[in-house]
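Data from start12.txt: compact mmCIF, C-alpha atoms
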# COMPACT_ATOMS: atom_id res chain seq x y z
CA MET A 1 -22.20 -24.46 15.07
CA SER A 2 -23.87 -21.46 16.61
CA GLN A 3 -23.43 -18.11 14.96
CA ILE A 4 -20.87 -15.56 16.10
CA HIS A 5 -22.13 -12.37 17.73
CA VAL A 6 -20.13 -9.35 16.60
CA THR A 7 -20.31 -5.80 17.96
CA THR A 8 -18.70 -3.22 15.75
CA SER A 9 -19.02 0.29 14.34
CA ILE A 10 -20.05 0.84 10.74
CA ASN A 11 -19.91 4.40 9.38
CA GLY A 12 -19.94 5.65 12.95
CA ASP A 13 -23.05 3.69 13.97
CA ALA A 14 -22.76 1.04 16.66
CA THR A 15 -23.78 -2.17 14.92
CA GLU A 16 -24.37 -5.74 16.01
CA PHE A 17 -24.72 -8.75 13.80
CA LEU A 18 -24.66 -12.53 13.82
CA CYS A 19 -22.55 -14.31 11.25
CA GLU A 20 -21.10 -17.68 10.37
CA ALA A 21 -17.37 -18.15 10.95
CA GLU A 22 -16.73 -18.38 7.21
CA ASP A 23 -18.69 -15.24 6.28
CA THR A 24 -16.45 -12.51 4.93
CA LEU A 25 -17.00 -8.92 5.99
CA LEU A 26 -18.35 -8.37 2.47
CA ASP A 27 -20.89 -11.19 2.94
CA VAL A 28 -21.98 -9.59 6.21
CA LEU A 29 -22.28 -6.10 4.75
CA ARG A 30 -24.27 -7.19 1.71
CA ASP A 31 -26.29 -10.18 2.86
CA ARG A 32 -26.84 -9.58 6.57
CA LEU A 33 -26.84 -5.79 6.86
CA GLY A 34 -28.31 -4.93 3.45
CA MET A 35 -25.45 -2.57 2.63
CA THR A 36 -25.01 -3.49 -1.01
CA GLY A 37 -22.82 -0.53 -2.00
CA SER A 38 -19.66 -2.63 -1.62
CA LYS A 39 -19.51 -4.96 -4.61
CA GLU A 40 -18.12 -8.42 -5.10
CA GLY A 41 -16.05 -8.49 -8.28
CA CYS A 42 -13.50 -11.26 -7.84
CA GLY A 43 -13.71 -12.37 -4.21
CA THR A 44 -9.94 -12.84 -4.19
CA GLY A 45 -8.58 -9.36 -3.46
CA ASP A 46 -7.66 -8.52 -7.04
CA CYS A 47 -10.35 -6.06 -8.11
CA GLY A 48 -10.96 -3.73 -5.17
CA ALA A 49 -14.73 -3.40 -5.76
CA CYS A 50 -15.32 -4.39 -2.11
CA SER A 51 -12.94 -1.76 -0.66
CA VAL A 52 -13.75 -0.48 2.82
CA THR A 53 -11.65 0.94 5.62
CA VAL A 54 -11.13 -0.83 8.94
CA ASP A 55 -9.70 1.33 11.72
CA GLY A 56 -8.79 3.82 9.01
CA ARG A 57 -6.90 1.30 6.89
CA LEU A 58 -8.01 0.54 3.31
CA VAL A 59 -8.72 -3.19 2.87
CA CYS A 60 -10.69 -5.58 0.69
CA SER A 61 -13.77 -6.65 2.66
CA CYS A 62 -13.73 -9.95 0.74
CA LEU A 63 -10.36 -10.79 2.33
CA MET A 64 -11.50 -10.32 5.91
CA LEU A 65 -13.87 -12.41 8.00
CA GLY A 66 -16.93 -10.71 9.44
CA ALA A 67 -15.94 -12.01 12.87
CA GLU A 68 -12.72 -10.02 12.67
CA ALA A 69 -14.73 -6.79 12.75
CA GLU A 70 -15.38 -7.18 16.51
CA GLY A 71 -14.55 -3.83 18.15
CA ARG A 72 -13.26 -2.27 14.93
CA GLU A 73 -14.40 0.83 13.08
CA VAL A 74 -15.55 0.02 9.57
CA THR A 75 -16.41 2.63 6.96
CA THR A 76 -18.07 1.80 3.66
CA ILE A 77 -19.30 3.68 0.60
CA GLU A 78 -22.63 4.15 2.40
CA GLY A 79 -20.86 6.45 4.87
CA MET A 80 -19.32 8.68 2.23
CA ALA A 81 -22.11 11.18 1.59
CA THR A 82 -23.44 13.31 4.43
CA GLY A 83 -27.20 12.93 4.18
CA ASP A 84 -28.12 14.24 0.73
CA ARG A 85 -24.80 16.01 0.35
CA LEU A 86 -22.39 14.00 -1.77
CA HIS A 87 -18.69 13.84 -0.98
CA PRO A 88 -16.60 16.07 -3.30
CA LEU A 89 -15.19 12.93 -4.94
CA GLN A 90 -18.70 11.66 -5.68
CA GLU A 91 -19.72 15.02 -7.14
CA LYS A 92 -16.60 15.15 -9.28
CA PHE A 93 -17.09 11.61 -10.58
CA ILE A 94 -20.57 12.63 -11.78
CA GLU A 95 -19.41 15.96 -13.18
CA MET A 96 -16.52 14.39 -15.12
CA ALA A 97 -18.41 11.21 -16.02
CA ALA A 98 -15.70 9.14 -14.34
CA LEU A 99 -17.80 6.03 -14.41
CA GLN A 100 -19.44 3.84 -17.00
CA CYS A 101 -21.17 0.72 -15.68
CA GLY A 102 -20.48 1.78 -12.09
CA ILE A 103 -19.59 -1.56 -10.52
CA CYS A 104 -16.06 -0.51 -9.63
CA THR A 105 -17.09 3.00 -8.57
CA PRO A 106 -17.88 2.44 -4.86
CA GLY A 107 -14.52 0.74 -4.34
CA ILE A 108 -12.66 3.40 -6.26
CA LEU A 109 -14.36 6.20 -4.30
CA VAL A 110 -13.55 4.57 -0.96
CA ALA A 111 -9.94 3.98 -2.05
CA ALA A 112 -9.52 7.50 -3.46
CA LYS A 113 -10.95 9.07 -0.29
CA SER A 114 -8.48 7.05 1.75
CA LEU A 115 -5.62 8.31 -0.45
CA LEU A 116 -6.62 11.97 -0.20
CA GLU A 117 -6.89 11.73 3.59
CA LYS A 118 -3.31 10.44 3.68
CA ASN A 119 -1.91 12.55 0.89
CA PRO A 120 -3.87 15.66 -0.12
CA ASP A 121 -1.46 16.45 -2.97
CA PRO A 122 -0.71 13.20 -4.80
CA SER A 123 1.07 13.07 -8.16
CA GLU A 124 -0.71 11.31 -11.00
CA GLU A 125 1.73 8.44 -10.59
CA GLU A 126 0.86 8.15 -6.89
CA VAL A 127 -2.85 8.07 -7.70
CA ARG A 128 -2.32 5.38 -10.33
CA TYR A 129 -0.26 3.21 -7.98
CA TRP A 130 -2.66 3.70 -5.08
CA LEU A 131 -5.59 2.65 -7.27
CA ALA A 132 -3.73 -0.22 -8.99
CA GLY A 133 -5.83 -2.68 -6.98
CA ASN A 134 -9.11 -1.20 -8.24
CA LEU A 135 -9.98 -2.67 -11.59
CA CYS A 136 -12.44 -1.03 -14.01
CA ARG A 137 -13.68 -3.47 -16.62
CA CYS A 138 -14.97 -0.59 -18.72
CA THR A 139 -11.32 0.62 -18.68
CA GLY A 140 -12.37 4.15 -17.86
CA TYR A 141 -9.16 4.78 -15.96
CA ASP A 142 -8.23 8.10 -17.51
CA LYS A 143 -11.37 9.91 -16.38
CA ILE A 144 -11.14 8.28 -12.95
CA ILE A 145 -7.56 9.45 -12.43
CA ARG A 146 -8.40 12.94 -13.68
CA ALA A 147 -11.42 13.15 -11.39
CA VAL A 148 -9.31 12.18 -8.36
CA MET A 149 -6.59 14.70 -9.26
CA ASP A 150 -9.20 17.41 -9.83
CA THR A 151 -10.95 16.72 -6.51
CA ALA A 152 -7.61 16.83 -4.70
CA ALA A 153 -6.92 20.26 -6.24
CA ASP A 154 -10.41 21.51 -5.26
CA LEU A 155 -10.01 20.29 -1.69
CA ARG A 156 -6.60 21.93 -1.40
CA ARG A 157 -8.03 25.23 -2.62
CA ALA A 158 -10.92 24.96 -0.16
CA SER A 159 -8.72 24.26 2.85
CA MET B 1 -15.61 -24.02 10.56
CA ARG B 2 -14.95 -22.44 13.95
CA TYR B 3 -13.37 -19.00 14.49
CA GLU B 4 -11.36 -18.19 17.60
CA ALA B 5 -9.46 -15.03 18.51
CA PRO B 6 -7.37 -15.95 21.56
CA GLN B 7 -5.64 -13.23 23.60
CA SER B 8 -2.44 -15.11 24.47
CA VAL B 9 0.18 -17.14 22.64
CA GLU B 10 -0.47 -20.06 25.00
CA ALA B 11 -4.18 -20.09 24.21
CA ALA B 12 -3.43 -19.92 20.47
CA VAL B 13 -0.97 -22.82 20.71
CA ASP B 14 -3.51 -24.89 22.67
CA LEU B 15 -6.17 -24.25 20.05
CA LEU B 16 -3.86 -25.03 17.12
CA ALA B 17 -2.42 -28.15 18.73
CA GLY B 18 -5.83 -29.41 19.79
CA ALA B 19 -7.50 -29.43 16.39
CA GLU B 20 -6.85 -31.20 13.13
CA GLY B 21 -7.21 -28.83 10.22
CA ALA B 22 -6.51 -25.65 12.18
CA PHE B 23 -5.10 -22.61 10.39
CA VAL B 24 -3.61 -19.35 11.59
CA LEU B 25 -5.24 -16.10 10.46
CA ALA B 26 -3.16 -12.90 10.52
CA GLY B 27 -3.63 -10.76 7.40
CA GLY B 28 -5.70 -13.43 5.70
CA THR B 29 -4.81 -12.33 2.17
CA ASP B 30 -3.76 -15.87 1.25
CA LEU B 31 -5.96 -17.80 3.69
CA LEU B 32 -9.26 -16.24 2.64
CA VAL B 33 -8.54 -16.83 -1.04
CA LYS B 34 -7.90 -20.50 -0.25
CA LEU B 35 -11.07 -20.73 1.83
CA ARG B 36 -13.16 -19.29 -0.96
CA SER B 37 -11.70 -21.57 -3.61
CA GLU B 38 -12.10 -24.52 -1.21
CA MET B 39 -8.41 -25.34 -1.52
CA LEU B 40 -8.62 -25.43 2.28
CA GLU B 41 -11.58 -26.46 4.40
CA PRO B 42 -10.41 -25.79 7.95
CA ASP B 43 -12.23 -26.95 11.06
CA LEU B 44 -10.74 -24.05 12.96
CA VAL B 45 -9.29 -20.66 12.13
CA VAL B 46 -7.23 -19.02 14.87
CA ASP B 47 -7.03 -15.24 14.52
CA ILE B 48 -3.78 -14.15 16.22
CA LYS B 49 -4.33 -10.40 15.93
CA ARG B 50 -5.78 -10.04 19.45
CA ILE B 51 -2.57 -11.39 21.03
CA ALA B 52 -0.36 -8.70 22.60
CA GLY B 53 2.66 -7.82 20.45
CA MET B 54 1.38 -9.27 17.19
CA LYS B 55 0.75 -5.80 15.74
CA GLU B 56 3.90 -4.21 17.20
CA ILE B 57 7.28 -3.24 15.75
CA THR B 58 9.74 -3.03 18.66
CA PRO B 59 13.47 -2.27 18.85
CA GLU B 60 15.57 -5.22 20.08
CA ASP B 61 19.37 -5.60 20.23
CA GLY B 62 19.81 -2.79 17.73
CA GLY B 63 17.43 -4.48 15.28
CA TRP B 64 13.67 -4.75 14.96
CA ARG B 65 11.17 -7.35 16.08
CA ILE B 66 8.11 -7.33 13.87
CA GLY B 67 4.96 -8.99 15.16
CA ALA B 68 3.43 -11.63 12.93
CA ALA B 69 0.33 -9.54 12.20
CA VAL B 70 2.11 -6.28 11.25
CA SER B 71 0.99 -5.31 7.75
CA GLY B 72 3.11 -4.10 4.86
CA ALA B 73 1.48 -0.67 5.13
CA GLU B 74 2.44 -0.42 8.82
CA MET B 75 6.04 -1.35 7.98
CA GLY B 76 6.17 1.31 5.29
CA GLU B 77 5.03 3.94 7.79
CA HIS B 78 7.69 3.00 10.37
CA ALA B 79 10.56 5.45 9.88
CA GLY B 80 13.14 3.44 11.87
CA LEU B 81 12.48 0.23 10.00
CA VAL B 82 12.52 2.00 6.62
CA ALA B 83 15.85 3.63 7.50
CA ASP B 84 17.50 0.36 8.54
CA TRP B 85 16.08 -2.21 6.12
CA PRO B 86 14.63 -0.37 3.11
CA GLY B 87 15.02 -3.46 0.93
CA VAL B 88 12.86 -5.59 3.20
CA VAL B 89 10.22 -2.87 3.52
CA GLU B 90 10.14 -2.32 -0.24
CA ALA B 91 9.91 -6.04 -0.92
CA ALA B 92 6.94 -6.36 1.44
CA GLY B 93 5.44 -3.28 -0.21
CA LEU B 94 5.45 -4.97 -3.61
CA ILE B 95 2.94 -7.60 -2.49
CA GLY B 96 -0.49 -6.95 -3.99
CA SER B 97 -2.46 -3.73 -3.97
CA THR B 98 -2.86 -0.91 -1.44
CA GLN B 99 -5.79 -2.90 -0.03
CA VAL B 100 -3.69 -6.06 0.31
CA GLN B 101 -0.92 -3.99 1.90
CA GLY B 102 -3.38 -3.02 4.61
CA ARG B 103 -3.44 -6.64 5.80
CA ALA B 104 -0.64 -8.75 4.30
CA THR B 105 2.24 -9.68 6.62
CA LEU B 106 5.88 -10.84 6.40
CA ALA B 107 5.10 -13.96 8.43
CA GLY B 108 2.18 -14.82 6.17
CA ASN B 109 4.19 -14.30 3.01
CA LEU B 110 6.81 -16.65 4.44
CA CYS B 111 4.33 -19.32 5.59
CA ASN B 112 2.46 -19.26 2.28
CA ALA B 113 5.77 -20.74 1.07
CA SER B 114 5.52 -19.55 -2.51
CA PRO B 115 8.89 -19.67 -4.27
CA ALA B 116 7.98 -16.27 -5.74
CA ALA B 117 7.15 -14.56 -2.40
CA ASP B 118 8.60 -11.06 -2.66
CA SER B 119 9.50 -10.44 0.97
CA VAL B 120 11.32 -13.73 1.51
CA PRO B 121 14.50 -13.13 -0.57
CA ALA B 122 14.79 -9.72 1.10
CA MET B 123 14.47 -11.26 4.58
CA VAL B 124 16.99 -13.98 3.67
CA ALA B 125 19.47 -11.36 2.44
CA ALA B 126 18.95 -9.43 5.69
CA ASN B 127 19.70 -12.62 7.65
CA ALA B 128 16.34 -12.37 9.39
CA THR B 129 15.11 -14.98 11.87
CA VAL B 130 11.65 -15.93 12.99
CA ARG B 131 10.40 -16.79 16.45
CA ILE B 132 8.27 -19.91 16.32
CA VAL B 133 5.92 -20.80 19.15
CA GLY B 134 4.33 -24.19 19.61
CA PRO B 135 3.48 -27.03 21.97
CA GLN B 136 7.21 -27.68 22.58
CA GLY B 137 7.92 -24.04 23.48
CA THR B 138 9.67 -21.29 21.61
CA ARG B 139 12.48 -21.56 19.05
CA ASP B 140 14.22 -19.12 16.72
CA ILE B 141 15.23 -20.22 13.22
CA ALA B 142 16.57 -18.51 10.11
CA VAL B 143 14.00 -17.39 7.54
CA ILE B 144 15.74 -19.52 4.89
CA ASP B 145 14.90 -22.63 6.94
CA VAL B 146 11.13 -22.01 6.98
CA PRO B 147 10.05 -22.93 3.41
CA GLU B 148 10.35 -26.63 2.63
CA SER B 149 8.80 -26.86 -0.83
CA PRO B 150 6.16 -24.90 -2.74
CA GLY B 151 3.27 -24.36 -0.29
CA LYS B 152 4.93 -26.28 2.56
CA THR B 153 6.91 -25.09 5.58
CA THR B 154 9.09 -26.87 8.12
CA LEU B 155 6.79 -25.81 10.98
CA ALA B 156 5.42 -28.69 13.04
CA PRO B 157 1.69 -29.11 13.71
CA GLY B 158 0.53 -26.60 16.32
CA GLU B 159 3.42 -24.23 15.65
CA PHE B 160 3.14 -20.72 14.27
CA ILE B 161 5.41 -17.75 13.68
CA ALA B 162 4.97 -15.12 16.38
CA SER B 163 7.44 -12.58 15.03
CA VAL B 164 10.16 -11.83 12.51
CA PHE B 165 13.46 -10.39 13.72
CA LEU B 166 15.60 -8.15 11.54
CA PRO B 167 19.06 -7.90 13.10
CA ALA B 168 20.90 -4.64 13.76
CA LYS B 169 21.74 -2.98 10.48
CA PRO B 170 25.52 -3.29 10.06
CA LYS B 171 27.46 -0.03 10.01
CA GLN B 172 28.06 0.91 6.37
CA GLY B 173 25.56 -1.76 5.38
CA GLY B 174 22.71 -1.54 2.91
CA ASP B 175 20.07 -3.79 1.40
CA ALA B 176 17.84 -3.90 -1.67
CA TYR B 177 15.27 -6.14 -3.35
CA LEU B 178 14.24 -6.08 -6.99
CA ARG B 179 11.86 -8.25 -8.93
CA PHE B 180 10.92 -8.59 -12.56
CA ILE B 181 7.25 -8.60 -13.53
CA PRO B 182 5.81 -8.00 -17.00
CA ARG B 183 3.41 -5.35 -15.63
CA THR B 184 4.16 -2.37 -13.40
CA GLU B 185 2.09 -3.46 -10.39
CA MET B 186 -0.11 -6.27 -9.03
CA ASP B 187 1.85 -9.23 -10.35
CA ILE B 188 3.90 -12.21 -9.17
CA ALA B 189 7.69 -12.17 -9.46
CA VAL B 190 9.15 -13.92 -12.51
CA VAL B 191 12.50 -13.48 -10.77
CA GLY B 192 13.26 -11.76 -7.45
CA CYS B 193 16.66 -10.91 -5.97
CA GLY B 194 17.67 -9.63 -2.53
CA VAL B 195 21.11 -8.25 -1.72
CA SER B 196 22.48 -7.12 1.63
CA LEU B 197 26.09 -6.01 1.88
CA VAL B 198 28.62 -4.13 4.01
CA LEU B 199 31.35 -1.90 2.59
CA ASP B 200 34.62 -0.81 4.19
CA SER B 201 35.85 2.76 4.03
CA ALA B 202 37.55 2.04 0.70
CA GLY B 203 34.27 0.84 -0.79
CA LYS B 204 35.20 -2.84 -0.79
CA VAL B 205 32.64 -5.47 0.16
CA THR B 206 33.39 -6.96 3.57
CA SER B 207 30.32 -9.16 3.78
CA ALA B 208 27.37 -9.93 1.54
CA ARG B 209 24.24 -12.05 1.32
CA VAL B 210 22.55 -12.58 -2.04
CA SER B 211 19.25 -14.42 -2.47
CA LEU B 212 17.02 -15.38 -5.37
CA GLY B 213 13.29 -16.03 -5.56
CA ALA B 214 11.06 -17.62 -8.22
CA VAL B 215 13.92 -19.50 -9.87
CA GLY B 216 13.70 -22.73 -7.87
CA PRO B 217 11.27 -24.64 -5.65
CA LYS B 218 12.11 -22.31 -2.80
CA VAL B 219 13.95 -19.08 -2.16
CA MET B 220 17.70 -19.69 -2.22
CA LEU B 221 20.74 -18.08 -0.62
CA VAL B 222 23.44 -17.88 -3.32
CA GLU B 223 26.72 -18.16 -1.46
CA ALA B 224 28.77 -18.22 -4.67
CA ALA B 225 27.33 -14.81 -5.57
CA ALA B 226 28.37 -13.34 -2.22
CA GLU B 227 31.85 -14.85 -2.57
CA ALA B 228 32.16 -13.35 -6.06
CA ILE B 229 32.11 -9.81 -4.67
CA LEU B 230 33.75 -10.33 -1.29
CA GLY B 231 36.85 -8.15 -0.80
CA ARG B 232 36.20 -6.30 -4.06
CA ALA B 233 34.96 -2.86 -5.01
CA LEU B 234 31.70 -3.11 -6.94
CA ASP B 235 33.16 -2.26 -10.33
CA ASP B 236 31.95 -3.69 -13.63
CA SER B 237 34.06 -6.79 -13.36
CA ALA B 238 32.84 -7.61 -9.83
CA LEU B 239 29.24 -6.98 -10.83
CA GLU B 240 29.63 -9.22 -13.87
CA ASP B 241 30.95 -12.04 -11.69
CA LEU B 242 28.04 -11.50 -9.29
CA ALA B 243 25.56 -11.67 -12.17
CA ALA B 244 27.18 -14.81 -13.58
CA ALA B 245 27.03 -16.54 -10.20
CA CYS B 246 23.33 -15.74 -9.85
CA SER B 247 22.51 -16.85 -13.39
CA ALA B 248 24.37 -20.11 -12.73
CA ALA B 249 22.57 -20.70 -9.42
CA ALA B 250 19.10 -20.14 -10.86
CA SER B 251 17.23 -23.32 -11.75
CA PRO B 252 13.86 -22.00 -12.89
CA ILE B 253 10.93 -23.72 -14.50
CA GLU B 254 9.73 -22.67 -17.91
CA ASP B 255 6.19 -21.33 -18.04
CA LYS B 256 4.07 -18.69 -19.75
CA ARG B 257 5.66 -15.95 -17.67
CA GLY B 258 9.24 -16.67 -18.66
CA THR B 259 11.57 -19.17 -20.28
CA VAL B 260 14.43 -20.82 -18.40
CA ASP B 261 17.03 -18.82 -20.31
CA PHE B 262 15.22 -15.54 -19.74
CA ARG B 263 14.86 -16.16 -16.02
CA ARG B 264 18.52 -17.13 -15.67
CA HIS B 265 19.57 -13.97 -17.46
CA VAL B 266 17.25 -11.77 -15.42
CA ALA B 267 18.53 -13.29 -12.16
CA GLY B 268 21.96 -11.89 -13.04
CA VAL B 269 20.65 -8.51 -14.17
CA LEU B 270 18.59 -8.02 -11.01
CA ALA B 271 21.48 -9.09 -8.76
CA ARG B 272 23.70 -6.51 -10.38
CA ARG B 273 21.16 -3.72 -10.04
CA ALA B 274 20.18 -4.67 -6.49
CA ALA B 275 23.86 -4.77 -5.45
CA GLU B 276 24.35 -1.26 -6.82
CA ILE B 277 21.35 0.03 -4.86
CA ALA B 278 22.51 -1.76 -1.69
CA ALA B 279 25.99 -0.28 -2.10
CA THR B 280 24.58 3.22 -2.55
CA ARG B 281 22.61 2.76 0.66
CA ALA B 282 25.65 1.35 2.44
CA LYS B 283 27.42 4.63 1.68
CA GLY B 284 24.60 6.46 3.42
CA GLU B 285 23.17 7.83 0.18
CA THR B 286 19.58 7.53 -0.96
CA ALA B 287 18.63 4.97 -3.56
As structure tokens, please, write out the structure in this file.
Amino acid sequence: MSQIHVTTSINGDATEFLCEAEDTLLDVLRDRLGMTGSKEGCGTGDCGACSVTVDGRLVCSCLMLGAEAEGREVTTIEGMATGDRLHPLQEKFIEMAALQCGICTPGILVAAKSLLEKNPDPSEEEVRYWLAGNLCRCTGYDKIIRAVMDTAADLRRAS
Amino acid sequence: MRYEAPQSVEAAVDLLAGAEGAFVLAGGTDLLVKLRSEMLEPDLVVDIKRIAGMKEITPEDGGWRIGAAVSGAEMGEHAGLVADWPGVVEAAGLIGSTQVQGRATLAGNLCNASPAADSVPAMVAANATVRIVGPQGTRDIAVIDVPESPGKTTLAPGEFIASVFLPAKPKQGGDAYLRFIPRTEMDIAVVGCGVSLVLDSAGKVTSARVSLGAVGPKVMLVEAAAEAILGRALDDSALEDLAAACSAAASPIEDKRGTVDFRRHVAGVLARRAAEIAATRAKGETA
């Protein structure tokens, strides 16, 4: 079977790739495009380490075929910082040490950014529910939640 | 495996009917897990999301037609749908994480045919139908008639669900869905219960549909439970009869997530609570 030719946008850059029909978007990002920021934790949509947005919607890239990305707009953790300037969430995660081993961090940052774009003033409960599909094996949830809440407050003050 | 993304229902039907081992891809939150675990090894996957209408929620005969590829997140953002059928929207919203909500669909939850599917009891209570397309044309059937046994549907080869239809919300009607899980999020129902009812001006039940999930090989409509509250105000005695009918109808398995006795009991408790929420909504109040 010949490979599928896909034209898409990743972090605002027009991108083309060839993939097999069974390749997930995560396979494509990591193995064909060398974008290894999105992680594979479970491969079954439980852990959220592969979180990306597709047309603005937060999804697990392990639960989507690469071929489905045709004509879509994908954003990944690689698109979060602007050049050398980290996103406020990334800065806050460093400042508050909201990560331990770091495997879950890209997915949590992508998911948290998606939340704050939708809801700039979430309650702690809303943050916890929104991030329920992002597992942290180091169980560092408390610092993560506090970092998201703190960033939201900073961004509200700045706007 | 081959991947196709046809742009018309006819093309999709031709592809599905023309290949052994062809599977429909909408949200993919069940299909991709099965691909990865090699539970399924399809020759062909037909992505239906490029077909017109599959991502649309449209008003029809006072109700709502929901395309087969509309995600739970899109349903939750649709004010009209949330106002009319909050129980169905909430049930769909319980499936998986925020990420899964971005893709998972009502039609997929139904076709996965899990007895514990959260959206199915809610759709059954709402008396929802599905529009099935296939080589023989188009037919509409009730949601309750889609699951056949765990993991199996009554759809014929080459057929797929194109849309789900939620009928016009009855005046002074309300619906609700509740499930029990041992965690607060990201879990599979141990018991699920959907209730849809209509009240008269005196607060008496004029019609009701009560459904249970995860307590039998497929989602069930519990007619005895509806009869138990028909013509009555939802006082303690009516709610107790409703709960008893649901507990009696439940025929669960015993596993690590719950004993038979526990699941029977919870079926009654959830029915009672869901009926109270549905009644509050039927009165036009928020619940």
Residues of chain A within 10 Å of chain B, using only C-alpha atoms, as an MDAnalysis selection string? chainID A and resid 1:4 20:24 43:48 50:54 56:65 67:68 111 115 128:134
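Compared by their closest atoms to Ala274 in chain B, and using all atoms listed in the file, the residues B:Arg179, B:Arg131, B:Arg139, B:Arg65 rank with B:Arg179 nearest.
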Report the centre and edge lengths, in Å to one decimal, of an axis-aligned box enclosing every atom of range 138-142 of chain A listed in the file, padded by 6 Å on each side, as JSON.
{"center_x": -11.6, "center_y": 3.8, "center_z": -17.3, "size_x": 18.7, "size_y": 20.7, "size_z": 14.8}
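Minimum atom-to-atom distances from A:His5, A:Gly66, A:Asn11, A:Leu26 to Glu40 in chain A were compared using only C-alpha atoms, and the lowest value belongs to A:Leu26.
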Around (-5.8, 8.9, -7.1) in the file's frame, which residues reach within 9 Å when counting only C-alpha atoms? Return as a PyMOL selection string? chain A and resi 108+111-113+115-116+122-131+144-149+152
Point (32.4, -7.6, -6.6), cut-off 9 Å, counting all atoms listed in the file, residues as a PyMOL selection string: chain B and resi 204-205+225-242
Using only C-alpha atoms, determine which residues lie at most 9 Å from Tyr177 in chain B, disregarding the query and same-chain residues fewer than 4 positions distant; provide the list as a PyMOL selection string. chain B and resi 86-88+90-91+118-119+121-122+125+192-196+270-271+274-275+277-278
Could you work out how far CA of Ala116 in chain B lies from CA of Asp261 in chain B, giving the answer in Å with one decimal? 17.3 Å
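Every protein, DNA or RNA residue with an atom at most 12 Å from Leu15 in chain B, where all atoms listed in the file count and chain neighbours fewer than 6 positions away do not, is listed here: Arg2, Tyr3, Glu4, Ala5, Pro6, Gln7, Ser8, Val9, Gly21, Ala22, Phe23, Val24, Asp43, Leu44, Val45, Val46, Asp47, Ile48, Gly134, Pro135, Pro157, Gly158, Glu159 and Phe160 of chain B.
The gap separating CA of Glu95 in chain A from CA of Gly34 in chain A is 28.1 Å, in Å to one decimal.
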